[in-house]
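Undergrad: Before I ask anything, let me first share the structure, which is written out below as structure tokens.
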Amino acid sequence: MKTNPVIEGILGRRSVRAFQERAIPREDLEAIVACGQWAPSARNRQEWTFVVVDSRARIARLAEAMRRALGRDAYDMYAPQSIVIVAHAKGAEFGREDDGCALENMFLAAHSLGIGSVWINQLQGICDEPAVRDELDALGVPADAEVHGVCALGYAAAPGAAHERKSAVVWVEE
Ligand SMILES: Cc1cc2nc3c(=O)[nH]c(=O)nc-3n(C[C@H](O)[C@H](O)[C@H](O)COP(=O)(O)O)c2cc1C
């Protein structure tokens, strides 16, 4: 198979779920979020806001509100070093698709910088729980936004496992 640094990066990325307590340089976070902004979006609408939270304490407060809303005792969002919340205009027609593109761009950018990442899905459906919305408000997430995914970031404390790819590929020629 043909390869190059971009393909190697795509094939080498893994979801990371254990993070070191080690600051991510600001310029690395800036590059990661810029890659999110440069993702494709349906009709180029770009109806998203990227909220970068570079504070373990603020992340822990959000995770605490989520833990209560979810009723999951040990939930801590994996205690990442930083997160990028992708906040999308509520009800936007292609919001989920746009956010998926932005998140994957950020995962790949992070991986290229030696930083681990994982998609955090649990804000879906609980953004408007009052205690969760209070925390989102405090972080600057627009009141009319919903969150389909959060990019959790940090230097890996344990490597992500490689999962075999088993999806079918159908080739049609002529
Ligand atoms: C829509 C979506 C939601 C996901 N939500 C979570 C999540 O909430 N927590 C988590 O640990 N991983 C989550 N993941 C990551 C997947 O579990 C992971 O991508 C999959 O197991 C394959 O592993 P890999 O990313 O290392 O290739 C999510 C991935 C996607 C695409």
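Going through the structure tokens in order, the chains are called A, B, and so on, while each chain numbers its residues from 1 and the ligands are numbered from 1 in the order shown.
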Using DSSP assignments from the backbone, pull out every residue in region 26-162 of chain A that falls under alpha helix (DSSP H) and give it to me as a VMD selection string.

TA: chain A and resid 26 to 37 56 to 70 95 to 112 130 to 139

Undergrad: Mind dumping a table of every chain A residue within 10 Å of ligand 1, with the nearest atom pair and its distance in Å to one decimal, using only C-alpha atoms and all ligand atoms, sorted by chain and rising number, as a Markdown table?

TA:
```
| residue | atom | partner | partner_atom_place_in_ligand_line | distance |
| --- | --- | --- | --- | --- |
| A:Ile10 | CA | ligand 1 | 27 (O) | 9.5 |
| A:Leu11 | CA | ligand 1 | 27 (O) | 8.6 |
| A:Gly12 | CA | ligand 1 | 27 (O) | 8.7 |
| A:Arg13 | CA | ligand 1 | 26 (O) | 6.6 |
| A:Arg14 | CA | ligand 1 | 26 (O) | 3.4 |
| A:Ser15 | CA | ligand 1 | 26 (O) | 3.7 |
| A:Val16 | CA | ligand 1 | 26 (O) | 7.0 |
| A:Arg17 | CA | ligand 1 | 11 (O) | 6.3 |
| A:Ala18 | CA | ligand 1 | 11 (O) | 9.9 |
| A:Met77 | CA | ligand 1 | 9 (N) | 8.0 |
| A:Tyr78 | CA | ligand 1 | 11 (O) | 8.2 |
| A:Arg96 | CA | ligand 1 | 1 (C) | 9.0 |
| A:Glu97 | CA | ligand 1 | 1 (C) | 9.8 |
| A:Asp99 | CA | ligand 1 | 1 (C) | 9.6 |
| A:Gly100 | CA | ligand 1 | 1 (C) | 7.2 |
| A:Leu103 | CA | ligand 1 | 31 (C) | 9.0 |
| A:Glu104 | CA | ligand 1 | 31 (C) | 8.5 |
| A:Phe107 | CA | ligand 1 | 25 (O) | 9.1 |
| A:Ser117 | CA | ligand 1 | 25 (O) | 8.7 |
| A:Val118 | CA | ligand 1 | 12 (N) | 5.8 |
| A:Trp119 | CA | ligand 1 | 13 (C) | 4.7 |
| A:Ile120 | CA | ligand 1 | 8 (O) | 3.9 |
| A:Asn121 | CA | ligand 1 | 8 (O) | 3.8 |
| A:Gln122 | CA | ligand 1 | 8 (O) | 5.6 |
| A:Leu123 | CA | ligand 1 | 8 (O) | 8.8 |
| A:Gln124 | CA | ligand 1 | 8 (O) | 9.5 |
| A:His148 | CA | ligand 1 | 1 (C) | 8.1 |
| A:Gly149 | CA | ligand 1 | 3 (C) | 7.2 |
| A:Val150 | CA | ligand 1 | 8 (O) | 8.6 |
| A:Cys151 | CA | ligand 1 | 6 (C) | 9.7 |
| A:Ala152 | CA | ligand 1 | 9 (N) | 9.5 |
| A:Pro159 | CA | ligand 1 | 26 (O) | 9.5 |
| A:Gly160 | CA | ligand 1 | 26 (O) | 5.9 |
| A:Ala161 | CA | ligand 1 | 26 (O) | 6.0 |
| A:Ala162 | CA | ligand 1 | 26 (O) | 5.8 |
| A:His163 | CA | ligand 1 | 23 (O) | 5.9 |
| A:Glu164 | CA | ligand 1 | 27 (O) | 8.6 |
| A:Arg165 | CA | ligand 1 | 27 (O) | 8.6 |
```

Undergrad: Determine which residues of region 96-165 of chain A receive a DSSP assignment of strand (DSSP E), computed from the backbone, and state them as a ChimeraX atom specification.

TA: /A:116-120,145-154

Undergrad: Compile the contact shell of region 69-75 of chain A as a ChimeraX atom specification: residues with an atom at most 9 Å away, counting only C-alpha atoms, same-chain residues fewer than 2 positions apart removed.

TA: /A:63-67,77-78,122,126,129,131-132

Undergrad: Output the selection as a compact mmCIF listing (two decimals), in the first residue's frame - all heavy atoms for each residue.

TA:
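Result went into selection-v1.txt, see below:
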```txt
# COMPACT_ATOMS: atom_id res chain seq x y z
N ALA A 63 -16.93 17.68 34.27
CA ALA A 63 -17.11 16.22 34.39
C ALA A 63 -17.99 15.88 35.59
O ALA A 63 -18.79 14.94 35.54
CB ALA A 63 -15.75 15.52 34.49
N GLU A 64 -17.83 16.65 36.65
CA GLU A 64 -18.65 16.43 37.86
C GLU A 64 -20.15 16.65 37.56
O GLU A 64 -21.00 15.84 37.93
CB GLU A 64 -18.16 17.39 38.95
CG GLU A 64 -19.07 17.58 40.14
CD GLU A 64 -19.00 16.41 41.12
OE1 GLU A 64 -18.00 15.69 41.09
OE2 GLU A 64 -19.97 16.21 41.86
N ALA A 65 -20.44 17.74 36.84
CA ALA A 65 -21.84 18.00 36.47
C ALA A 65 -22.35 16.90 35.55
O ALA A 65 -23.50 16.45 35.66
CB ALA A 65 -21.95 19.37 35.80
N MET A 66 -21.49 16.44 34.64
CA MET A 66 -21.89 15.36 33.74
C MET A 66 -22.12 14.07 34.52
O MET A 66 -23.07 13.34 34.25
CB MET A 66 -20.82 15.15 32.67
CG MET A 66 -20.71 16.32 31.69
SD MET A 66 -19.22 16.21 30.65
CE MET A 66 -19.59 14.78 29.64
N ARG A 67 -21.22 13.80 35.47
CA ARG A 67 -21.34 12.57 36.28
C ARG A 67 -22.71 12.52 36.94
O ARG A 67 -23.40 11.51 36.91
CB ARG A 67 -20.23 12.56 37.33
CG ARG A 67 -20.38 11.48 38.39
CD ARG A 67 -19.07 11.24 39.13
NE ARG A 67 -18.62 12.38 39.88
CZ ARG A 67 -17.39 12.88 39.85
NH1 ARG A 67 -16.47 12.35 39.07
NH2 ARG A 67 -17.06 13.92 40.58
N MET A 77 -14.47 11.72 32.59
CA MET A 77 -14.06 12.11 31.23
C MET A 77 -12.61 11.71 30.94
O MET A 77 -11.96 12.28 30.08
CB MET A 77 -14.24 13.63 31.05
CG MET A 77 -14.51 14.09 29.65
SD MET A 77 -14.27 15.88 29.47
CE MET A 77 -15.71 16.53 30.25
N TYR A 78 -12.07 10.78 31.72
CA TYR A 78 -10.67 10.31 31.63
C TYR A 78 -9.68 11.36 32.13
O TYR A 78 -8.48 11.25 31.88
CB TYR A 78 -10.28 9.89 30.21
CG TYR A 78 -11.20 8.89 29.55
CD1 TYR A 78 -11.81 9.21 28.34
CD2 TYR A 78 -11.44 7.64 30.10
CE1 TYR A 78 -12.67 8.31 27.71
CE2 TYR A 78 -12.29 6.74 29.48
CZ TYR A 78 -12.89 7.08 28.29
OH TYR A 78 -13.73 6.18 27.65
N GLN A 122 -20.44 12.00 25.83
CA GLN A 122 -21.49 11.98 26.85
C GLN A 122 -22.26 13.29 27.02
O GLN A 122 -23.26 13.33 27.73
CB GLN A 122 -20.90 11.56 28.21
CG GLN A 122 -20.63 10.07 28.33
CD GLN A 122 -19.51 9.57 27.44
OE1 GLN A 122 -18.53 10.28 27.25
NE2 GLN A 122 -19.66 8.39 26.88
N ILE A 126 -27.45 15.76 27.22
CA ILE A 126 -27.52 16.30 28.59
C ILE A 126 -27.10 17.78 28.65
O ILE A 126 -26.99 18.34 29.73
CB ILE A 126 -26.69 15.48 29.60
CG1 ILE A 126 -25.19 15.47 29.25
CG2 ILE A 126 -27.22 14.05 29.72
CD1 ILE A 126 -24.31 14.96 30.39
N GLU A 129 -29.41 19.87 30.70
CA GLU A 129 -29.60 19.62 32.14
C GLU A 129 -29.06 20.87 32.84
O GLU A 129 -27.94 21.31 32.54
CB GLU A 129 -28.78 18.40 32.58
CG GLU A 129 -29.25 17.09 31.98
CD GLU A 129 -30.56 16.60 32.60
OE1 GLU A 129 -30.84 16.95 33.75
OE2 GLU A 129 -31.30 15.89 31.88
N ALA A 131 -27.58 21.85 35.59
CA ALA A 131 -26.23 21.92 36.18
C ALA A 131 -25.16 21.82 35.10
O ALA A 131 -24.09 22.44 35.20
CB ALA A 131 -26.05 20.80 37.20
N VAL A 132 -25.44 21.05 34.05
CA VAL A 132 -24.48 20.93 32.95
C VAL A 132 -24.44 22.24 32.16
O VAL A 132 -23.38 22.77 31.84
CB VAL A 132 -24.85 19.73 32.02
CG1 VAL A 132 -23.94 19.69 30.80
CG2 VAL A 132 -24.79 18.43 32.80
```

Undergrad: Using only C-alpha atoms, which of the listed residues (A:Asp144, A:Glu8, A:Glu27, A:Asp98) sits closest to Ala42 (chain A)?

TA: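 Looking at the shortest contact to Ala42 (chain A), the residue is A:Asp98.
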
Undergrad: For CA of Leu139 (chain A) and CA of Val53 (chain A), quote the distance in Å rounded to one decimal.

TA: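 Atom-to-atom, CA of Leu139 (chain A) and CA of Val53 (chain A) are spaced 7.6 Å apart.
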
Undergrad: Measure the distance from CA of Gly114 (chain A) to CA of Arg61 (chain A) in Å and round it to one decimal.

TA: 26.5 Å

Undergrad: Just how far from CA of Ile7 (chain A) is CA of Ile83 (chain A), in Å to one decimal?

TA: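 Distance between the two atoms: 24.9 Å.
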